[in-house]
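Peer 1: Before we start, here is the structure in question, set down as structure tokens.
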Amino acid sequence: MTRDDVDTICAALPGAWFASHHDGGLDAWKVGDKMFATIGMVGDGVSVKCVDTEIAQMLIDAGAAIKAKYFHRSWVRVPFDGADPEAMRARIHSSYALIRASLPKKHRAALPAWDAEG
């Protein structure tokens with residue numbers, strides 16, 4: 001997996017937009033005004049939100065992710081190197097779905113439809 005692969009996955013999600021922080025901060029993919037995927041300065045992986053801290057820890061314990069530094073424990077960083085494309089897509093889609101669902105109803109209603117299974 002590469003950053004371009006992750007950008008392609010994120011860009012295909014309805015209402016997703018890219019916020020670039022050229023000041024040395026995180027580049028982020030957002031829906032509404034909330035991040036669902038971030039890529040730091042090193043650019044060696046993407047951080048995503050998990051359903052809860054238990055799922056995040058399970059991914060860390062399984063070696064599929066590492067702790068996302070400076071983020072809540074429900075976030076993990078999935079390294080690009082050796083990442084399975086379908087697993088990466090699933091992690092990004094799950095993070096997007098969680099963040100999208102957390103938006104105020106008015107903001108969710110303004111987003112294009114999304115088939116989470118598609």
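Here, A, B, ... name the chains of the structure tokens in the order displayed, residue numbers run from 1 inside each chain, and ligands are numbered from 1 in the same displayed order.
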Just the residues within 9 Å of Ala19 (chain A), please, counting only C-alpha atoms, with nothing from its chain fewer than 5 positions along; format it as a list in words.
Peer 2: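 With the cut-off at 9 Å, the set is Leu26, Asp27, Ala28, Trp29 and Lys30 of chain A.
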Peer 1: Using DSSP assignments from the backbone, pull out every residue in region 41-93 of chain A that falls under alpha helix (DSSP H) and give it to me as a list of chain:residue names.
Peer 2: A:Thr53, A:Glu54, A:Ile55, A:Ala56, A:Gln57, A:Met58, A:Leu59, A:Ile60, A:Asp61, A:Pro85, A:Glu86, A:Ala87, A:Met88, A:Arg89, A:Ala90, A:Arg91, A:Ile92, A:His93
Peer 1: So that I can check the surroundings of Val78 (chain A), please list as JSON, numbers by chain every protein, DNA and RNA residue that reaches within 10 Å of it, counting only C-alpha atoms and ignoring chain neighbours fewer than 4 positions away.
Peer 2: {"A": [44, 45, 46, 47, 48, 59, 60, 63, 64, 65, 66, 67, 68, 82, 83, 87, 88, 91, 92]}
Peer 1: Can I get the selected residues back with all heavy atoms, as a compact mmCIF listing (two decimals), in the first residue's frame?
Peer 2:
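New file out_23.txt:
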# COMPACT_ATOMS: atom_id res chain seq x y z
N ASP A 44 4.43 7.19 6.66
CA ASP A 44 4.62 5.75 6.53
C ASP A 44 3.40 4.93 6.91
O ASP A 44 3.45 3.71 6.95
CB ASP A 44 5.82 5.30 7.36
CG ASP A 44 5.62 5.53 8.85
OD1 ASP A 44 4.67 6.24 9.24
OD2 ASP A 44 6.45 5.02 9.64
N GLY A 45 2.29 5.60 7.18
CA GLY A 45 1.06 4.90 7.54
C GLY A 45 -0.08 5.88 7.69
O GLY A 45 0.11 7.09 7.59
N VAL A 46 -1.26 5.33 7.91
CA VAL A 46 -2.45 6.15 8.08
C VAL A 46 -3.08 5.83 9.44
O VAL A 46 -3.15 4.67 9.83
CB VAL A 46 -3.46 5.94 6.93
CG1 VAL A 46 -3.93 4.50 6.85
CG2 VAL A 46 -4.65 6.88 7.04
N SER A 47 -3.51 6.86 10.15
CA SER A 47 -4.19 6.66 11.42
C SER A 47 -5.68 6.72 11.19
O SER A 47 -6.18 7.58 10.47
CB SER A 47 -3.77 7.74 12.43
OG SER A 47 -2.41 7.62 12.74
N VAL A 48 -6.39 5.77 11.80
CA VAL A 48 -7.84 5.66 11.65
C VAL A 48 -8.48 5.37 13.00
O VAL A 48 -7.83 4.83 13.91
CB VAL A 48 -8.22 4.55 10.65
CG1 VAL A 48 -7.79 4.89 9.24
CG2 VAL A 48 -7.64 3.21 11.06
N LEU A 59 -6.14 -5.04 17.20
CA LEU A 59 -5.36 -4.82 15.99
C LEU A 59 -3.88 -4.65 16.31
O LEU A 59 -3.01 -5.16 15.60
CB LEU A 59 -5.88 -3.59 15.23
CG LEU A 59 -7.24 -3.76 14.57
CD1 LEU A 59 -7.77 -2.41 14.09
CD2 LEU A 59 -7.17 -4.75 13.42
N ILE A 60 -3.60 -3.95 17.40
CA ILE A 60 -2.21 -3.76 17.84
C ILE A 60 -1.60 -5.10 18.24
O ILE A 60 -0.50 -5.45 17.81
CB ILE A 60 -2.14 -2.73 18.98
CG1 ILE A 60 -2.51 -1.34 18.46
CG2 ILE A 60 -0.76 -2.74 19.63
CD1 ILE A 60 -2.77 -0.30 19.54
N GLY A 63 -0.64 -7.30 15.45
CA GLY A 63 0.42 -6.79 14.59
C GLY A 63 -0.08 -6.12 13.33
O GLY A 63 0.69 -5.82 12.43
N ALA A 64 -1.39 -5.86 13.26
CA ALA A 64 -1.98 -5.22 12.08
C ALA A 64 -1.92 -3.70 12.17
O ALA A 64 -2.17 -3.01 11.18
CB ALA A 64 -3.43 -5.66 11.92
N ALA A 65 -1.60 -3.17 13.34
CA ALA A 65 -1.55 -1.72 13.55
C ALA A 65 -0.66 -1.43 14.76
O ALA A 65 -0.28 -2.35 15.49
CB ALA A 65 -2.96 -1.17 13.78
N ILE A 66 -0.36 -0.17 14.94
CA ILE A 66 0.36 0.28 16.13
C ILE A 66 -0.42 1.43 16.75
O ILE A 66 -1.33 1.99 16.11
CB ILE A 66 1.81 0.70 15.81
CG1 ILE A 66 1.83 1.85 14.81
CG2 ILE A 66 2.62 -0.47 15.29
CD1 ILE A 66 3.22 2.42 14.56
N LYS A 67 -0.07 1.77 17.97
CA LYS A 67 -0.76 2.88 18.63
C LYS A 67 -0.54 4.16 17.83
O LYS A 67 0.56 4.44 17.39
CB LYS A 67 -0.22 3.06 20.04
CG LYS A 67 -0.93 4.15 20.81
CD LYS A 67 -0.30 4.37 22.17
CE LYS A 67 -0.97 5.47 22.94
NZ LYS A 67 -1.36 6.64 22.22
N ALA A 68 -1.60 4.91 17.65
CA ALA A 68 -1.51 6.20 16.96
C ALA A 68 -1.05 7.24 17.97
O ALA A 68 -1.81 7.63 18.87
CB ALA A 68 -2.85 6.58 16.35
N GLY A 82 3.54 -3.49 3.69
CA GLY A 82 3.00 -4.82 3.92
C GLY A 82 1.51 -4.87 4.23
O GLY A 82 0.98 -5.94 4.51
N ALA A 83 0.83 -3.73 4.16
CA ALA A 83 -0.61 -3.72 4.48
C ALA A 83 -1.41 -4.42 3.38
O ALA A 83 -1.15 -4.24 2.20
CB ALA A 83 -1.10 -2.29 4.64
N ALA A 87 -7.83 -5.12 3.77
CA ALA A 87 -7.87 -4.79 5.20
C ALA A 87 -7.74 -3.28 5.38
O ALA A 87 -8.42 -2.69 6.23
CB ALA A 87 -6.77 -5.53 5.94
N MET A 88 -6.88 -2.64 4.60
CA MET A 88 -6.72 -1.19 4.68
C MET A 88 -8.02 -0.49 4.30
O MET A 88 -8.47 0.43 4.99
CB MET A 88 -5.58 -0.72 3.79
CG MET A 88 -5.33 0.77 3.83
SD MET A 88 -4.61 1.36 5.37
CE MET A 88 -2.88 1.03 5.07
N ARG A 91 -10.48 -0.83 7.15
CA ARG A 91 -10.17 0.05 8.29
C ARG A 91 -10.58 1.49 7.98
O ARG A 91 -11.15 2.18 8.82
CB ARG A 91 -8.66 0.01 8.61
CG ARG A 91 -8.21 -1.32 9.13
CD ARG A 91 -8.28 -1.48 10.66
NE ARG A 91 -9.47 -1.10 11.35
CZ ARG A 91 -10.52 -1.89 11.66
NH1 ARG A 91 -10.51 -3.14 11.31
NH2 ARG A 91 -11.55 -1.45 12.33
N ILE A 92 -10.28 1.96 6.78
CA ILE A 92 -10.63 3.33 6.39
C ILE A 92 -12.14 3.49 6.32
O ILE A 92 -12.70 4.47 6.83
CB ILE A 92 -9.95 3.72 5.06
CG1 ILE A 92 -8.44 3.82 5.26
CG2 ILE A 92 -10.52 5.04 4.52
CD1 ILE A 92 -7.64 3.94 3.98
Peer 1: Within 12 Å of Ala12 (chain A), counting only C-alpha atoms, which residues show up once you throw out same-chain ones fewer than 5 positions away? Write them as a VMD selection string, please.
Peer 2: chain A and resid 5 to 7 17 to 18 29 31 89 92 to 93 96 112 114 to 115 118
Peer 1: Store the residues picked out above, limited to N, CA, C and O atoms, as a PDB file, in the first residue's frame.
Peer 2:
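The result, written out as selection_29.pdb:
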ATOM      1  N   ASP A   5      -2.548   5.109  -2.705  1.00  0.00           N
ATOM      2  CA  ASP A   5      -3.636   4.131  -2.561  1.00  0.00           C
ATOM      3  C   ASP A   5      -4.634   4.592  -1.499  1.00  0.00           C
ATOM      4  O   ASP A   5      -5.849   4.532  -1.704  1.00  0.00           O
ATOM      5  N   VAL A   6      -4.113   5.033  -0.363  1.00  0.00           N
ATOM      6  CA  VAL A   6      -4.974   5.511   0.728  1.00  0.00           C
ATOM      7  C   VAL A   6      -5.751   6.746   0.292  1.00  0.00           C
ATOM      8  O   VAL A   6      -6.953   6.854   0.538  1.00  0.00           O
ATOM      9  N   ASP A   7      -5.083   7.671  -0.376  1.00  0.00           N
ATOM     10  CA  ASP A   7      -5.776   8.869  -0.871  1.00  0.00           C
ATOM     11  C   ASP A   7      -6.905   8.504  -1.830  1.00  0.00           C
ATOM     12  O   ASP A   7      -7.983   9.088  -1.786  1.00  0.00           O
ATOM     13  N   TRP A  17     -13.180  15.063   2.156  1.00  0.00           N
ATOM     14  CA  TRP A  17     -12.335  16.127   1.602  1.00  0.00           C
ATOM     15  C   TRP A  17     -10.988  16.112   2.295  1.00  0.00           C
ATOM     16  O   TRP A  17     -10.854  15.654   3.420  1.00  0.00           O
ATOM     17  N   PHE A  18      -9.985  16.595   1.580  1.00  0.00           N
ATOM     18  CA  PHE A  18      -8.605  16.548   2.047  1.00  0.00           C
ATOM     19  C   PHE A  18      -8.200  17.883   2.630  1.00  0.00           C
ATOM     20  O   PHE A  18      -8.399  18.930   2.013  1.00  0.00           O
ATOM     21  N   TRP A  29      -7.909  13.430   6.069  1.00  0.00           N
ATOM     22  CA  TRP A  29      -9.137  13.246   5.296  1.00  0.00           C
ATOM     23  C   TRP A  29     -10.280  13.442   6.272  1.00  0.00           C
ATOM     24  O   TRP A  29     -10.273  12.875   7.364  1.00  0.00           O
ATOM     25  N   VAL A  31     -14.682  14.164   6.917  1.00  0.00           N
ATOM     26  CA  VAL A  31     -16.073  14.183   6.482  1.00  0.00           C
ATOM     27  C   VAL A  31     -16.751  15.152   7.441  1.00  0.00           C
ATOM     28  O   VAL A  31     -16.530  15.094   8.655  1.00  0.00           O
ATOM     29  N   ARG A  89      -8.624  -0.932   3.213  1.00  0.00           N
ATOM     30  CA  ARG A  89      -9.900  -0.353   2.780  1.00  0.00           C
ATOM     31  C   ARG A  89     -10.956  -0.523   3.879  1.00  0.00           C
ATOM     32  O   ARG A  89     -11.691   0.410   4.196  1.00  0.00           O
ATOM     33  N   ILE A  92     -10.279   1.960   6.776  1.00  0.00           N
ATOM     34  CA  ILE A  92     -10.627   3.333   6.390  1.00  0.00           C
ATOM     35  C   ILE A  92     -12.140   3.491   6.320  1.00  0.00           C
ATOM     36  O   ILE A  92     -12.701   4.470   6.828  1.00  0.00           O
ATOM     37  N   HIS A  93     -12.824   2.537   5.715  1.00  0.00           N
ATOM     38  CA  HIS A  93     -14.289   2.608   5.619  1.00  0.00           C
ATOM     39  C   HIS A  93     -14.935   2.587   6.997  1.00  0.00           C
ATOM     40  O   HIS A  93     -15.910   3.307   7.247  1.00  0.00           O
ATOM     41  N   TYR A  96     -14.379   6.008   8.588  1.00  0.00           N
ATOM     42  CA  TYR A  96     -15.277   6.964   7.927  1.00  0.00           C
ATOM     43  C   TYR A  96     -16.713   6.803   8.443  1.00  0.00           C
ATOM     44  O   TYR A  96     -17.370   7.783   8.782  1.00  0.00           O
ATOM     45  N   PRO A 112     -23.817  13.192   0.589  1.00  0.00           N
ATOM     46  CA  PRO A 112     -24.319  12.234  -0.411  1.00  0.00           C
ATOM     47  C   PRO A 112     -24.550  10.868   0.249  1.00  0.00           C
ATOM     48  O   PRO A 112     -23.896  10.530   1.237  1.00  0.00           O
ATOM     49  N   TRP A 114     -24.396   6.928   1.024  1.00  0.00           N
ATOM     50  CA  TRP A 114     -23.260   6.007   1.018  1.00  0.00           C
ATOM     51  C   TRP A 114     -23.735   4.618   1.349  1.00  0.00           C
ATOM     52  O   TRP A 114     -24.392   4.412   2.376  1.00  0.00           O
ATOM     53  N   ASP A 115     -23.380   3.672   0.506  1.00  0.00           N
ATOM     54  CA  ASP A 115     -23.671   2.275   0.752  1.00  0.00           C
ATOM     55  C   ASP A 115     -22.432   1.676   1.413  1.00  0.00           C
ATOM     56  O   ASP A 115     -21.441   1.394   0.740  1.00  0.00           O
ATOM     57  N   GLY A 118     -20.923  -1.323  -0.166  1.00  0.00           N
ATOM     58  CA  GLY A 118     -20.455  -1.263  -1.553  1.00  0.00           C
ATOM     59  C   GLY A 118     -19.068  -0.964  -1.760  1.00  0.00           C
ATOM     60  O   GLY A 118     -18.069  -0.943  -1.419  1.00  0.00           O
TER      61      GLY A 118
END
Peer 1: Mind checking which residues fall within 10 Å of Ile55 (chain A), counting only C-alpha atoms, ignoring those fewer than 6 positions away in the same chain, and posting them as JSON, numbers by chain?
Peer 2: {"A": [49, 61, 73, 74, 75, 76]}
Peer 1: With only C-alpha atoms as the atoms that count, which of A:Ile39, A:Ala97, A:Ala90, A:Ala116 lies nearest to Asp4 (chain A)?
Peer 2: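 Once distances to Asp4 (chain A) are computed over only C-alpha atoms, the minimum belongs to A:Ile39.
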Peer 1: Run DSSP on the backbone and grab whatever in chain A lands in strand (DSSP E or B); send it over as an NGL selection string.
Peer 2: :A and (16-19 or 27-31 or 34-39 or 45-49 or 66-67 or 75-79)
Peer 1: Rounded to one decimal place, report the CA of Met41 (chain A)-CA of Pro14 (chain A) distance in Å.
Peer 2: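 Taking CA of Met41 (chain A) as the start and CA of Pro14 (chain A) as the end point, the length is 25.7 Å.
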Peer 1: Do you know which residues are at most 9 Å from region 101-108 of chain A counting only C-alpha atoms, after dropping those on the same chain fewer than 6 positions away, and could you put them as number ranges by chain?
Peer 2: A: 31-34
Peer 1: For a test of reading the model, state the distance in Å between CA of Met58 (chain A) and CA of Gly40 (chain A), rounded to one decimal.
Peer 2: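 Here the two named atoms are 22.7 Å from each other.
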Peer 1: From the list A:Glu86, A:Asp81, A:Phe71, A:Ser94, which residue is nearest Val51 (chain A) when using only C-alpha atoms?
Peer 2: A:Ser94
